[in-house]
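Engineer: Mind having a look at this structure? Questions to follow.
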Amino acid sequence: MQLKLFITAAMAVFFDISIALLAAAAQSDAPKPPHVEFITVPAGQLHLGMTEQEVIRIMGEPARVVGYDAGGISRRKLEFFGAIPSTVTLSDGKVSHVKLDVFQVEKSDLPLISRKAWPGMASTAVRRSLGEPSRICHYTFFGIKLDQWVYDILGEPEVSVFFAADRVIAKTLGRHIPQDIFQVRLPAVPQPRDSFEGPRAGMAIADVQALYGETKLHVDYVFNSQPASRVIVEIRAKGSFAAFTFVDDRLVEFEDLGRLPDEVFQAG
């Protein structure tokens, strides 16, 4: 009788511990609430037309450098880590593209095949690129519906692709949900300069319009529950343009597009 009571008590304790562990695991897997943080970063000092030496003086040595030729133009891509990872592209020795990874879609070092799932890609396109996932999970956090597709590709580590509003917002190794999946770090408003240097990360749409006038093309959208805009403006002589991406009305990416034909802006 005593043995039976002992076994029953032990099983009850084991059950309580198991439930506690499961609850703790679920809690540790739950992401943090959506939050936008504004950070002063060195990339806020970058502008189009800078030299590589000027970039390195501000940003420090890049974590990775990739050189390539495109359309007869020599390009170098400099990648920098930090509170907001940044990528700077130079064309023929001058900065032509600055991008701040404010969403940090790739939460870890991922296998090359996962690059086929681009940020913002729809689930149908991901299925065409990567095939059918081995597991699909559906969650709701803070009123946000989150879908997780797990890929277990032969010879590759397990990868999870996360969707919100049917768009890729994050990728990571394994099956855990990144705690910062709804966290966004945006560049703080840049310090004013006496001389004109062009747009810099952290500016608002109104700031860019004050520099160049009205936009030639303006598209609003939502990414990972954050309002975003993609605009194109004419920056120099007629036919020369630049593209700008804003998140929550903060400039996070800008690129010199060069000359574009008028047909680009004509309705089809």
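The way I read the labels, and the way they are meant: chains A, B, ... in the order of the structure tokens, residue 1 as the first residue of every chain, and ligand 1 as the first ligand shown, with later ones counted on from there.
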Could you pull out all residues of range 71-207 of chain A with a DSSP call of strand (DSSP E or B) and give them as a ChimeraX atom specification?

Structural biologist: /A:73-80,86-91,94-100,106,122,135-141,144-151,159-164,167-173,183-187

Engineer: Quick one: residues within 10 Å of Ile153 in chain A, only C-alpha atoms counted, chain neighbours fewer than 2 positions away excluded, as number ranges by chain?

Structural biologist: A: 113, 130-131, 133-134, 150-151, 155-159

Engineer: Would you write out those residues with N, CA and C atoms, as a CSV table (one decimal), in the first residue's frame?

Structural biologist:
chain,number,residue,atom,x,y,z
A,113,ILE,N,20.4,27.7,-49.4
A,113,ILE,CA,19.1,27.4,-50.1
A,113,ILE,C,18.0,28.3,-49.5
A,130,LEU,N,11.1,26.7,-52.5
A,130,LEU,CA,11.6,25.8,-51.6
A,130,LEU,C,10.9,24.5,-51.5
A,131,GLY,N,9.7,24.4,-52.1
A,131,GLY,CA,8.9,23.2,-52.0
A,131,GLY,C,8.0,23.2,-50.8
A,133,PRO,N,6.8,22.6,-47.1
A,133,PRO,CA,7.5,22.5,-45.8
A,133,PRO,C,7.1,21.2,-45.1
A,134,SER,N,8.0,20.7,-44.2
A,134,SER,CA,7.8,19.5,-43.5
A,134,SER,C,6.8,19.7,-42.3
A,150,VAL,N,8.5,25.0,-41.5
A,150,VAL,CA,9.7,24.4,-41.1
A,150,VAL,C,10.2,23.5,-42.3
A,151,TYR,N,11.4,23.8,-42.7
A,151,TYR,CA,12.0,23.0,-43.9
A,151,TYR,C,13.1,22.1,-43.3
A,155,GLY,N,20.5,17.0,-45.9
A,155,GLY,CA,21.9,17.5,-46.0
A,155,GLY,C,22.0,18.9,-45.5
A,156,GLU,N,20.9,19.5,-45.1
A,156,GLU,CA,21.0,20.9,-44.6
A,156,GLU,C,20.3,21.0,-43.2
A,157,PRO,N,20.8,21.9,-42.4
A,157,PRO,CA,20.1,22.1,-41.1
A,157,PRO,C,18.7,22.6,-41.2
A,158,GLU,N,17.9,22.3,-40.2
A,158,GLU,CA,16.5,22.6,-40.2
A,158,GLU,C,16.3,24.1,-40.2
A,159,VAL,N,15.4,24.7,-41.0
A,159,VAL,CA,15.2,26.1,-41.1
A,159,VAL,C,13.8,26.4,-41.0

Engineer: Which residues come within 7 Å of Asn224 in chain A, counting only C-alpha atoms, excluding same-chain residues fewer than 3 positions away, as a list in words?

Structural biologist: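 In the requested format, the answer is Ala164, Ile169 and Phe182 of chain A.
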
Engineer: Restricting the output to N, CA and C atoms, write the selected residues as a PDB file, in the first residue's frame.

Structural biologist:
ATOM      1  N   ALA A 164       3.993  36.895 -41.756  1.00  0.00           N
ATOM      2  CA  ALA A 164       2.929  37.717 -41.183  1.00  0.00           C
ATOM      3  C   ALA A 164       2.223  38.385 -42.354  1.00  0.00           C
ATOM      4  N   ILE A 169       8.788  37.463 -42.997  1.00  0.00           N
ATOM      5  CA  ILE A 169       9.307  38.511 -42.112  1.00  0.00           C
ATOM      6  C   ILE A 169      10.541  38.063 -41.338  1.00  0.00           C
ATOM      7  N   PHE A 182       9.202  40.652 -33.604  1.00  0.00           N
ATOM      8  CA  PHE A 182       8.371  41.845 -33.797  1.00  0.00           C
ATOM      9  C   PHE A 182       9.094  43.123 -33.358  1.00  0.00           C
TER      10      PHE A 182
END

Engineer: Mind the document's chain letters and residue numbers, and return as a PyMOL selection string the residues of range 18-189 of chain A that DSSP labels alpha helix (DSSP H).

Structural biologist: chain A and resi 18-29+52-59+123-130

Engineer: Extract, using only C-alpha atoms, all DNA, RNA and protein residues at most 9 Å from Pro119 in chain A, discarding same-chain residues fewer than 3 positions from it, and format them as a list in words.

Structural biologist: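 Once the adjacent positions are removed, what remains is Val105, Glu106, Ala122, Arg167, Val168, Ile169, Ala170 and Lys171 of chain A.
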
Engineer: List the neighbours of Tyr68 in chain A out to 10 Å using only C-alpha atoms; skip same-chain residues closer than 6 positions along the sequence, and give me the result as a ChimeraX atom specification.

Structural biologist: /A:74-77,91

Engineer: Return the single residue from A:Lys32, A:Arg127, A:His47, A:Lys216 that is closest to Lys99 in chain A, with distances computed using only C-alpha atoms.

Structural biologist: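 Using only C-alpha atoms, the shortest distance to Lys99 in chain A belongs to A:His47.
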